[in-house]
Number of protein chains: 6
Amino acid sequence: MKFHEMTSPDLAAVDRENTLAVIPIAAVEQHGPHLPTGTDHFLCTAMAEALEQRLPDRLLITPTMWLGASAHHLRFGATLDSALDSYIDTLCDLGRSLLNDGFRRILFLNGHGGNIDPMKVAIRTLQREHPEALIAAGCYWSPSDAERESILEGDHKFVGHACEFETSLMLLIRPDLVRRDRLADAGELVTDNLNGVFLSRDMRHRTREGCTGRPDLATEIKGRRLFEAAVERLIDTCSALLNAPKGANYLGQ
Amino acid sequence: MKFHEMTSPDLAAVDRENTLAVIPIAAVEQHGPHLPTGTDHFLCTAMAEALEQRLPDRLLITPTMWLGASAHHLRFGATLDSALDSYIDTLCDLGRSLLNDGFRRILFLNGHGGNIDPMKVAIRTLQREHPEALIAAGCYWSPSDAERESILEGDHKFVGHACEFETSLMLLIRPDLVRRDRLADAGELVTDNLNGVFLSRDMRHRTREGCTGRPDLATEIKGRRLFEAAVERLIDTCSALLNAPKGANYLGQ
Amino acid sequence: MKFHEMTSPDLAAVDRENTLAVIPIAAVEQHGPHLPTGTDHFLCTAMAEALEQRLPDRLLITPTMWLGASAHHLRFGATLDSALDSYIDTLCDLGRSLLNDGFRRILFLNGHGGNIDPMKVAIRTLQREHPEALIAAGCYWSPSDAERESILEGDHKFVGHACEFETSLMLLIRPDLVRRDRLADAGELVTDNLNGVFLSRDMRHRTREGCTGRPDLATEIKGRRLFEAAVERLIDTCSALLNAPKGANYLGQ
Amino acid sequence: MKFHEMTSPDLAAVDRENTLAVIPIAAVEQHGPHLPTGTDHFLCTAMAEALEQRLPDRLLITPTMWLGASAHHLRFGATLDSALDSYIDTLCDLGRSLLNDGFRRILFLNGHGGNIDPMKVAIRTLQREHPEALIAAGCYWSPSDAERESILEGDHKFVGHACEFETSLMLLIRPDLVRRDRLADAGELVTDNLNGVFLSRDMRHRTREGCTGRPDLATEIKGRRLFEAAVERLIDTCSALLNAPKGANYLGQ
Amino acid sequence: MKFHEMTSPDLAAVDRENTLAVIPIAAVEQHGPHLPTGTDHFLCTAMAEALEQRLPDRLLITPTMWLGASAHHLRFGATLDSALDSYIDTLCDLGRSLLNDGFRRILFLNGHGGNIDPMKVAIRTLQREHPEALIAAGCYWSPSDAERESILEGDHKFVGHACEFETSLMLLIRPDLVRRDRLADAGELVTDNLNGVFLSRDMRHRTREGCTGRPDLATEIKGRRLFEAAVERLIDTCSALLNAPKGANYLGQ
Amino acid sequence: MKFHEMTSPDLAAVDRENTLAVIPIAAVEQHGPHLPTGTDHFLCTAMAEALEQRLPDRLLITPTMWLGASAHHLRFGATLDSALDSYIDTLCDLGRSLLNDGFRRILFLNGHGGNIDPMKVAIRTLQREHPEALIAAGCYWSPSDAERESILEGDHKFVGHACEFETSLMLLIRPDLVRRDRLADAGELVTDNLNGVFLSRDMRHRTREGCTGRPDLATEIKGRRLFEAAVERLIDTCSALLNAPKGANYLGQ
């Protein structure tokens with residue numbers, strides 16, 4: 001089910017208890033010389049739509065909130081940024097709209113690393129208001145960490161930025177927007193993690209050109225394998241969320 | 001030019017002074033029994049894309065901020081709402097992202113009546129920060145008021161909600177999402193305007209079923225005429241905005 | 001009835017359902033070389049007091065919130081400005097004070113163009129909290145648009161700033177504060193409206209000296225005719241607001 | 001000088017360094033059975049105007065911000081209240097308007113006890129932004145504490161609420177609004193101060209009818225003596241503020 | 001009882017009605033050349049702990065909120081400052097945590113002058129939410145004003161900053177942190193009070209080296225006498241707060 | 001170096017470039033039946049003090065901000081909670097105080113899981129304001145993940161709440177506050193992580209009594225090994241932070 005394609009009587013008839021409402025969130029920000037700024041938006045939307053096609057009776061997706069928390073890219077330009085506090089407010093507004101309309105299982109499906117922290121603050125805020133509801137948030141790539149690590153060839157196995165992973169997916173989803181002539185090894189990535197301690201460095205500090213890893217190793221074939229693995233594992237996650245106990249108290253007590 | 005389809009080097013090369021950056025904003029909210037909740041989003045996006053096709057070298061469009069200020073629809077359900085204060089913040093964030101990146105001509109192109117007031121507060125806020133820039137905001141239907149009034153048949157000549165106007169446009173843009181079996185005269189519209197005084201009444205008070213006017217008179221043919229007239233007049237407006245004097249002082253002094 | 005001149009037991013006895021509480025709001029800001037900064041405050045207060053004299057048993061007026069949202073005048077100096085977000089909060093506080101005390105019919109009577117947008121955001125906010133109440137907002141000059149257009153002689157028929165309209169009214173209300181020696185044609189007004197699209201330009205950009213239209217055509221006689229027409233039409237509006245259906249649902253259902 | 005009665009060229013000519021800008025702030029709130037809700041507004045305005053008449057070339061007064069922080073009166077009704085956070089913002093907005101326009105000596109002249117704490121938070125905030133300016137805040141009655149204590153007859157020598165002090169002043173300033181038939185001993189005042197510790201009790205807790213002390217001992221003659229003493233001492237204070245060293249550093253270093 | 005040393009079942013068993021919850025608040029900020037920045041924190045904590053030792057069954061102390069509102073010290077450096085608005089929020093959060101957990105008698109015990117105004121705004125805010133509770137706030141030195149004035153030798157009898165009073169107490173509480181070699185007459189203190197009018201001057205303006213009065217007259221013996229007097233008088237205050245009538249209405253009506 | 005034990009001249013002499021300022025943050029909240037609510041505060045403070053003892057010339061520690069974001073514990077009572085938005089503000093205030101005073105290497109050392117998300121939002125906010133500084137944040141236990149996993153005996157190897165890990169540390173640091181008679185297997189922990197997706201469940205939902213894992217397996221000997229391993233690895237981390245390149249641009253370019 002797609003929220004935006006349904007009429008209000010149709011939405012009124014949706015089973016609030018047994019439907020998972022999925023709110024995709026992404027970003028539009030610089031993605032190096034070879035990928036379009038809308039990369040996270042295109043990929044997260046494609047994921048959400050694929051999930052909906054697989055479980056059309058149990059998932060209700062909203063449009064993708066394509067605006068993200070992208071301040072760490074601003075010094076590269078080409079970035080639309082929501083300040084952290086207003087982004088938290090916007091995500092809370094989205095969640096509240098569904099929770100106050102009776103929905104009881106919500107998933108924020110994220111496609112941009114910079115959104116993780118404000119997204120978690122947002123669902124912590126919502127949880128206080130609706131302790132009886134199941135409110136979840138995660139990145140579309142997390143459930144398939146293992147598959148991604150086996151598919152990627154470069155040393156950089158995690159999800160970076162405009163990297164082998166994202167570039168491969170874009171070669172599948174929007175190949176017309178990939179500048180193949182600019183694919184190159186991104187060079188050293190200055191770390192934002194030192195022994196488990198997070199360093200708040202922006203992308204101008206961490207990268208030479210705003211991208212990471214080995215975009216030059218990206219292929220459409222990898223993109224298809226990555227996409228399929230991600231969807232498969234996300235379907236497992238959505239099913240688990242549909243079956244998870246809600247309720248405010250321990251073990252249903 | 002589409003912001004989200006361009007790479008950062010491509011965006012860096014855009015002429016900041018002679019480009020109009022267009023930020024479409026809309027809503028996803030109940031639209032009566034016959035139209036999908038995403039109506040404003042579909043229509044505003046179609047308008048923005050048509051404009052960009054007509055002036056691809058002078059207009060730069062961002063994705064549509066589909067979330068709107070829709071609190072006056074919440075009592076009907078089926079509505080995703082951004083609270084007024086967070087919506088103002090989000091629009092300011094969008095404008096700032098472009099203004100701080102050097103763009104000097106900005107248009108918020110709106111497709112939802114409830115957004116008008118917060119949108120105007122937002123651009124008043126931005127104007128203080130960037131008195132040298134040209135910051136504009138309007139509804140996609142305003143420049144073609146005269147044409148619309150001559151095309152519509154029902155008594156209700158203005159843009160209401162899920163009305164003859166919006167329904168005709170949806171029959172053109174997304175006919176698959178229109179429930180033709182539910183098209184009916186919407187009945188009396190309780191006014192929100194009394195001698196020029198605005199009454200803040202919500203849609204549960206103003207309408208029987210969340211829609212206004214004569215959706216039953218909508219046709220695809222009217223939709224096409226309305227769409228073409230809107231685009232034609234908006235192109236005039238965009239051209240005027242591209243030629244208007246910027247600058248902080250009177251008559252360039 | 002004047003809120004500030006009554007004791008609390010007297011106010012407790014007021015019929016909440018059948019009284020219209022009127023909150024005048026204005027501004028103190030530069031008004032060109034010939035009018036005092038308090039112009040909007042003097043005029044809006046005079047209007048509110050005249051209304052109260054006409055319907056003393058049905059209208060309850062508060063003092064005039066003379067501070068307004070005047071950021072677009074700041075570059076001329078001589079302006080007391082409330083930032084847009086704090087102004088919205090203040091208007092909500094005023095409305096809440098009356099709504100929480102049981103009043104059910106509220107009118108914000110505005111005397112300053114820059115207040116319109118935040119005022120409308122404020123009453124949209126209040127409407128969510130009190131859907132059962134009638135909450136209205138308008139400019140004191142709007143109900144008498146037709147009369148004003150016939151009385152004014154200059155081309156500029158609308159309400160500008162320190163213009164023929166405001167200057168004529170000031171010649172009636174506070175002639176001692178009008179600098180007649182400085183009355184002059186204000187010259188070209190740079191527009192803030194292009195085909196229905198609002199341009200957020202400040203007064204330093206739009207005017208040469210902070211005023212508009214033909215103050216040199218102002219007369220006390222016009223002032224009297226304008227004042228009487230405004231009051232007459234506002235009385236009609238207030239009467240209509242006193243008789244309008246309240247209630248949260250459509251046609252009293 | 002009265003800000004609101006002057007034109008912008010007149011205000012531009014005011015000597016910023018050697019003028020004290022006075023912002024009267026008050027409240028409109030329940031004042032027991034015998035005084036009007038506007039009492040603080042009437043009295044503070046009368047004080048400010050008397051000061052301006054005495055030092056017309058050195059003092060610049062704005063209109064009185066009649067809205068105050070009156071939440072502790074709300075349970076009695078008949079009260080217009082600004083929430084504490086929005087009140088702080090409003091006072092900062094007022095101060096900033098003058099400071100950013102170049103004024104360098106500012107006095108908030110307060111007429112309502114509940115405003116003291118937010119007023120002090122506001123000027124602490126402004127001080128950070130303008131360390132070079134002299135920013136002061138006080139109650140109109142404070143400089144004449146000694147005189148007041150000798151004039152009042154009741155045991156209650158401090159400024160309470162609708163007490164012998166305020167009632168005497170109202171018998172001078174607006175005797176038409178005093179309900180002499182309701183003047184009575186207010187009974188025990190439950191304290192809000194215990195060994196120097198402040199108890200945040202509201203007026204419903206502290207008073208039987210919303211007033212304090214001995215309003216029955218009030219006379220117009222006392223009112224005149226109190227008024228004259230207050231003005232005399234405030235003139236001393238204003239003179240001192242006009243002569244006090246500004247500047248950000250110790251002893252002008 | 002110490003909140004932080006108790007388990008949750010132990011805290012659940014505390015008598016909410018007959019216990020006074022004490023929240024010490026202080027500051028860590030420059031204290032002149034001779035005292036450590038944590039002076040207010042050390043002293044306020046020592047006071048709170050001494051009180052708890054005296055009335056262990058009736059007082060429940062939390063840890064000391066050592067961060068304070070210290071913006072007026074920032075120009076001297078060596079200062080950790082909470083902005084005024086966030087400090088008000090933090091104090092409200094602390095109070096709400098206890099009030100929502102059922103506690104009905106709360107005392108904010110303050111050890112820093114700059115906290116007084118935001119602390120009072122905070123408890124005014126809390127009072128609106130919990131009119132039935134007794135919410136108090138005061139400085140640890142206030143109840144013993146008379147004793148302090150008789151013990152101190154310098155002219156400066158009030159509590160200044162890093163003065164004879166605070167230095168004597170530190171010689172008792174943390175003598176290891178006092179730089180005795182730097183004790184000197186602090187020189188003239190530029191006043192922040194002119195006839196009862198508060199001047200918002202920062203410490204760089206008011207003092208030569210960030211301290212006041214006669215630290216050179218400080219002795220450990222005075223410190224002990226000051227400490228004992230303060231505790232004795234605070235115990236009286238706490239006892240009074242434990243016996244004071246709560247309840248929202250006048251004289252228990 | 002301890003910020004709060006130093007005078008302002010001493011702090012002014014600290015080398016801003018080559019010192020790591022450490023801000024410990026923790027929580028005071030229910031910790032099951034056997035641990036005191038101040039557990040996180042005691043442990044985080046002990047860690048910070050041990051680090052300072054090891055590198056006294058290179059580390060500057062502030063007092064521990066013992067208040068944390070603990071809303072997910074509130075339904076158990078015995079919890080002092082800072083709302084998420086005010087907590088973010090407080091952490092930003094702390095960071096700004098040091099950054100504006102010239103410090104260039106900052107570490108928030110966290111001792112409470114619920115603080116992680118707001119702490120990361122805070123340092124992302126600070127990074128925008130100070131791109132030239134090194135701003136880091138991490139939990140005290142993270143660098144020694146491997147050691148902890150080998151020392152703990154229960155299945156639950158991660159840091160839960162009042163678990164084998166925290167209880168062992170408390171048996172070392174504050175054994176007097178551990179209720180040994182209440183140590184028991186905490187029973188099933190309802191997960192907050194499903195395939196990498198975070199579920200915002202509160203502790204009333206996740207645990208039977210507010211604690212997790214096997215507190216009954218805790219020993220002081222384990223506590224000592226855990227503490228020593230944590231300190232050792234944190235010293236490595238601090239050294240790395242002291243040597244890490246600052247600067248706003250890639251590889252010092």
# chains A, B, ... in the order shown; residues from 1 in each chain; ligands from 1
>>> interface_residues(of="chain A", to="chain F", cutoff="8 Å", atoms="only C-alpha atoms", output="ChimeraX atom specification")
/A:71-72,84-85,117-118,120-121,123-125,127-128,131,134-139,142-143,190,194-202,204-208,237,240,247-251
>>> atom_distance(atom1="atom CA of F:Phe158", atom2="atom CA of F:Arg225")
15.7 Å
>>> atom_distance(atom1="atom CA of B:Asp185", atom2="atom CA of B:Gly160")
13.0 Å
>>> select_by_dssp(residues="stretch 3-251 of chain C", states="strand (DSSP E)", output="NGL selection string")
:C and (20-25 or 59-61 or 105-110 or 134-139 or 193-194 or 197-199)
>>> residues_around(residues="stretch 172-177 of chain F", least_positions_apart="3", cutoff="12 Å", atoms="only C-alpha atoms", output="CSV table (one decimal) with N, CA, C and O atoms, in the first residue's frame")
chain,number,residue,atom,x,y,z
E,2,LYS,N,20.3,10.2,50.1
E,2,LYS,CA,20.9,10.7,48.8
E,2,LYS,C,20.4,10.0,47.7
E,2,LYS,O,20.5,8.7,47.6
E,3,PHE,N,19.7,10.7,46.8
E,3,PHE,CA,19.0,10.1,45.6
E,3,PHE,C,20.0,9.1,44.9
E,3,PHE,O,19.6,8.0,44.6
E,4,HIS,N,21.2,9.6,44.6
E,4,HIS,CA,22.1,8.8,43.8
E,4,HIS,C,22.7,7.6,44.5
E,4,HIS,O,23.3,6.8,43.8
E,5,GLU,N,22.5,7.5,45.8
E,5,GLU,CA,23.1,6.4,46.5
E,5,GLU,C,22.0,5.4,46.8
E,5,GLU,O,22.3,4.3,47.5
E,6,MET,N,20.8,5.6,46.4
E,6,MET,CA,19.7,4.7,46.8
E,6,MET,C,19.3,3.9,45.5
E,6,MET,O,19.4,4.4,44.4
E,7,THR,N,18.7,2.7,45.8
E,7,THR,CA,18.2,1.9,44.7
E,7,THR,C,16.8,2.4,44.4
E,7,THR,O,16.2,3.1,45.2
E,10,ASP,N,14.2,1.4,47.1
E,10,ASP,CA,14.4,2.3,48.3
E,10,ASP,C,13.7,3.7,48.0
E,10,ASP,O,13.0,4.2,48.9
F,31,HIS,N,18.5,1.7,38.6
F,31,HIS,CA,19.4,0.7,38.2
F,31,HIS,C,19.0,-0.6,38.8
F,31,HIS,O,19.9,-1.3,39.4
F,33,PRO,N,17.0,-3.4,41.3
F,33,PRO,CA,16.9,-3.5,42.8
F,33,PRO,C,18.2,-3.4,43.5
F,33,PRO,O,18.2,-3.2,44.7
F,34,HIS,N,19.3,-3.7,42.8
F,34,HIS,CA,20.6,-3.9,43.6
F,34,HIS,C,21.6,-2.8,43.4
F,34,HIS,O,22.5,-2.7,44.2
F,35,LEU,N,21.4,-1.9,42.4
F,35,LEU,CA,22.4,-0.8,42.3
F,35,LEU,C,21.8,0.5,42.5
F,35,LEU,O,20.6,0.8,42.3
F,36,PRO,N,22.6,1.5,43.0
F,36,PRO,CA,22.1,2.8,43.2
F,36,PRO,C,21.8,3.6,41.9
F,36,PRO,O,22.5,3.3,40.9
F,37,THR,N,21.0,4.5,42.0
F,37,THR,CA,20.6,5.3,40.8
F,37,THR,C,21.8,6.0,40.2
F,37,THR,O,21.9,6.3,39.0
F,38,GLY,N,22.8,6.4,41.1
F,38,GLY,CA,24.0,7.1,40.6
F,38,GLY,C,25.0,6.2,39.9
F,38,GLY,O,26.1,6.8,39.7
F,39,THR,N,24.7,5.0,39.7
F,39,THR,CA,25.8,4.1,39.2
F,39,THR,C,26.6,4.6,38.0
F,39,THR,O,27.8,4.7,38.0
F,40,ASP,N,25.9,5.1,37.0
F,40,ASP,CA,26.6,5.6,35.8
F,40,ASP,C,27.5,6.8,36.2
F,40,ASP,O,28.6,7.0,35.6
F,41,HIS,N,27.0,7.6,37.1
F,41,HIS,CA,27.8,8.8,37.5
F,41,HIS,C,29.0,8.3,38.3
F,41,HIS,O,30.1,8.8,38.0
F,42,PHE,N,28.9,7.4,39.2
F,42,PHE,CA,30.1,6.9,39.9
F,42,PHE,C,31.1,6.3,39.0
F,42,PHE,O,32.3,6.6,39.1
F,43,LEU,N,30.6,5.5,38.1
F,43,LEU,CA,31.6,4.8,37.2
F,43,LEU,C,32.3,5.7,36.2
F,43,LEU,O,33.5,5.6,36.0
F,44,CYS,N,31.5,6.6,35.6
F,44,CYS,CA,32.1,7.4,34.6
F,44,CYS,C,33.1,8.4,35.2
F,44,CYS,O,34.1,8.7,34.7
F,45,THR,N,32.7,8.9,36.4
F,45,THR,CA,33.6,9.8,37.1
F,45,THR,C,34.9,9.0,37.5
F,45,THR,O,36.0,9.6,37.4
F,46,ALA,N,34.8,7.8,38.0
F,46,ALA,CA,36.0,7.1,38.3
F,46,ALA,C,36.9,6.9,37.1
F,46,ALA,O,38.1,7.0,37.2
F,47,MET,N,36.3,6.6,36.0
F,47,MET,CA,37.1,6.4,34.8
F,47,MET,C,37.8,7.7,34.4
F,47,MET,O,39.0,7.7,34.1
F,50,ALA,N,40.6,8.4,36.7
F,50,ALA,CA,41.8,7.5,36.5
F,50,ALA,C,42.6,7.9,35.3
F,50,ALA,O,43.8,7.9,35.3
F,165,PHE,N,28.5,-6.5,34.1
F,165,PHE,CA,29.6,-5.5,33.9
F,165,PHE,C,29.5,-4.3,34.9
F,165,PHE,O,30.4,-4.1,35.7
F,166,GLU,N,28.3,-3.7,34.9
F,166,GLU,CA,28.2,-2.5,35.8
F,166,GLU,C,28.3,-2.9,37.3
F,166,GLU,O,28.8,-2.2,38.1
F,167,THR,N,27.7,-4.1,37.6
F,167,THR,CA,27.7,-4.5,39.0
F,167,THR,C,29.1,-4.8,39.5
F,167,THR,O,29.5,-4.5,40.6
F,168,SER,N,29.9,-5.5,38.6
F,168,SER,CA,31.3,-5.8,39.0
F,168,SER,C,32.0,-4.5,39.2
F,168,SER,O,32.8,-4.4,40.2
F,169,LEU,N,31.8,-3.5,38.3
F,169,LEU,CA,32.5,-2.2,38.5
F,169,LEU,C,32.1,-1.6,39.8
F,169,LEU,O,32.9,-1.0,40.5
F,180,ARG,N,24.0,-6.6,47.8
F,180,ARG,CA,24.3,-7.9,47.4
F,180,ARG,C,23.2,-8.9,47.6
F,180,ARG,O,23.1,-9.9,46.9
F,181,ASP,N,22.3,-8.7,48.5
F,181,ASP,CA,21.2,-9.6,48.8
F,181,ASP,C,20.2,-9.6,47.7
F,181,ASP,O,19.3,-10.4,47.6
F,182,ARG,N,20.3,-8.6,46.8
F,182,ARG,CA,19.3,-8.6,45.7
F,182,ARG,C,19.9,-9.0,44.3
F,182,ARG,O,19.3,-8.8,43.3
F,218,ALA,N,28.5,-11.0,39.1
F,218,ALA,CA,29.4,-10.0,39.3
F,218,ALA,C,30.3,-10.2,40.5
F,218,ALA,O,29.9,-10.8,41.5
F,219,THR,N,31.6,-9.8,40.3
F,219,THR,CA,32.5,-9.9,41.4
F,219,THR,C,33.5,-8.7,41.4
F,219,THR,O,33.7,-8.1,40.4
F,220,GLU,N,34.0,-8.4,42.6
F,220,GLU,CA,34.9,-7.2,42.6
F,220,GLU,C,36.2,-7.5,41.8
F,220,GLU,O,36.7,-6.6,41.2
F,221,ILE,N,36.6,-8.8,41.7
F,221,ILE,CA,37.8,-9.1,41.0
F,221,ILE,C,37.6,-8.8,39.5
F,221,ILE,O,38.4,-8.2,38.8
F,222,LYS,N,36.4,-9.2,39.0
F,222,LYS,CA,36.1,-8.9,37.6
F,222,LYS,C,36.0,-7.4,37.4
F,222,LYS,O,36.5,-6.8,36.4
F,223,GLY,N,35.5,-6.7,38.4
F,223,GLY,CA,35.4,-5.3,38.4
F,223,GLY,C,36.8,-4.6,38.2
F,223,GLY,O,36.9,-3.7,37.4
F,224,ARG,N,37.7,-5.1,38.9
F,224,ARG,CA,39.1,-4.6,38.8
F,224,ARG,C,39.7,-4.8,37.4
F,224,ARG,O,40.2,-3.9,36.8
F,225,ARG,N,39.5,-6.0,36.9
F,225,ARG,CA,40.0,-6.3,35.6
F,225,ARG,C,39.3,-5.5,34.5
F,225,ARG,O,40.0,-5.0,33.6
F,226,LEU,N,38.0,-5.3,34.7
F,226,LEU,CA,37.3,-4.5,33.7
F,226,LEU,C,37.7,-3.1,33.8
F,226,LEU,O,37.9,-2.4,32.7
F,227,PHE,N,37.9,-2.6,35.0
F,227,PHE,CA,38.3,-1.2,35.1
F,227,PHE,C,39.7,-0.9,34.5
F,227,PHE,O,39.9,0.0,33.8
F,228,GLU,N,40.6,-1.8,34.9
F,228,GLU,CA,42.0,-1.6,34.4
F,228,GLU,C,42.0,-1.7,32.9
F,228,GLU,O,42.7,-0.9,32.2
>>> atom_distance(atom1="atom CA of B:His156", atom2="atom CA of B:Leu80")
26.6 Å
>>> residues_around(residues="E:Leu242", least_positions_apart="4", cutoff="9 Å", atoms="only C-alpha atoms", output="VMD selection string")
chain E and resid 17 to 20 58 105 237 to 238
>>> write_last_selection(atoms="N, CA, C and O atoms", output="PDB file, in the first residue's frame")
ATOM      1  N   GLU E  17       5.012  12.914  50.574  1.00  0.00           N
ATOM      2  CA  GLU E  17       4.394  14.104  51.162  1.00  0.00           C
ATOM      3  C   GLU E  17       5.276  14.758  52.223  1.00  0.00           C
ATOM      4  O   GLU E  17       5.249  15.963  52.383  1.00  0.00           O
ATOM      5  N   ASN E  18       6.025  13.952  52.915  1.00  0.00           N
ATOM      6  CA  ASN E  18       6.741  14.455  54.083  1.00  0.00           C
ATOM      7  C   ASN E  18       8.254  14.470  53.921  1.00  0.00           C
ATOM      8  O   ASN E  18       8.986  14.419  54.908  1.00  0.00           O
ATOM      9  N   THR E  19       8.684  14.488  52.674  1.00  0.00           N
ATOM     10  CA  THR E  19      10.111  14.577  52.383  1.00  0.00           C
ATOM     11  C   THR E  19      10.354  15.829  51.565  1.00  0.00           C
ATOM     12  O   THR E  19       9.559  16.158  50.693  1.00  0.00           O
ATOM     13  N   LEU E  20      11.444  16.506  51.865  1.00  0.00           N
ATOM     14  CA  LEU E  20      11.839  17.654  51.052  1.00  0.00           C
ATOM     15  C   LEU E  20      12.964  17.207  50.125  1.00  0.00           C
ATOM     16  O   LEU E  20      14.033  16.789  50.590  1.00  0.00           O
ATOM     17  N   ARG E  58      14.392  13.182  56.477  1.00  0.00           N
ATOM     18  CA  ARG E  58      13.394  14.099  55.915  1.00  0.00           C
ATOM     19  C   ARG E  58      13.864  14.787  54.640  1.00  0.00           C
ATOM     20  O   ARG E  58      13.051  15.338  53.913  1.00  0.00           O
ATOM     21  N   ARG E 105       7.383  18.290  47.725  1.00  0.00           N
ATOM     22  CA  ARG E 105       8.110  19.412  48.337  1.00  0.00           C
ATOM     23  C   ARG E 105       9.512  19.436  47.735  1.00  0.00           C
ATOM     24  O   ARG E 105      10.293  18.499  47.934  1.00  0.00           O
ATOM     25  N   THR E 237      15.006  26.594  57.722  1.00  0.00           N
ATOM     26  CA  THR E 237      14.234  26.793  56.486  1.00  0.00           C
ATOM     27  C   THR E 237      13.658  25.465  55.999  1.00  0.00           C
ATOM     28  O   THR E 237      12.487  25.382  55.618  1.00  0.00           O
ATOM     29  N   CYS E 238      14.493  24.442  55.994  1.00  0.00           N
ATOM     30  CA  CYS E 238      14.008  23.132  55.535  1.00  0.00           C
ATOM     31  C   CYS E 238      12.869  22.643  56.417  1.00  0.00           C
ATOM     32  O   CYS E 238      11.880  22.081  55.927  1.00  0.00           O
TER      33      CYS E 238
END
>>> select_by_dssp(residues="stretch 4-252 of chain B", states="alpha helix (DSSP H)", output="PyMOL selection string")
chain B and resi 8-12+39-54+84-100+116-129+145-151+164-173+203-206+220-243
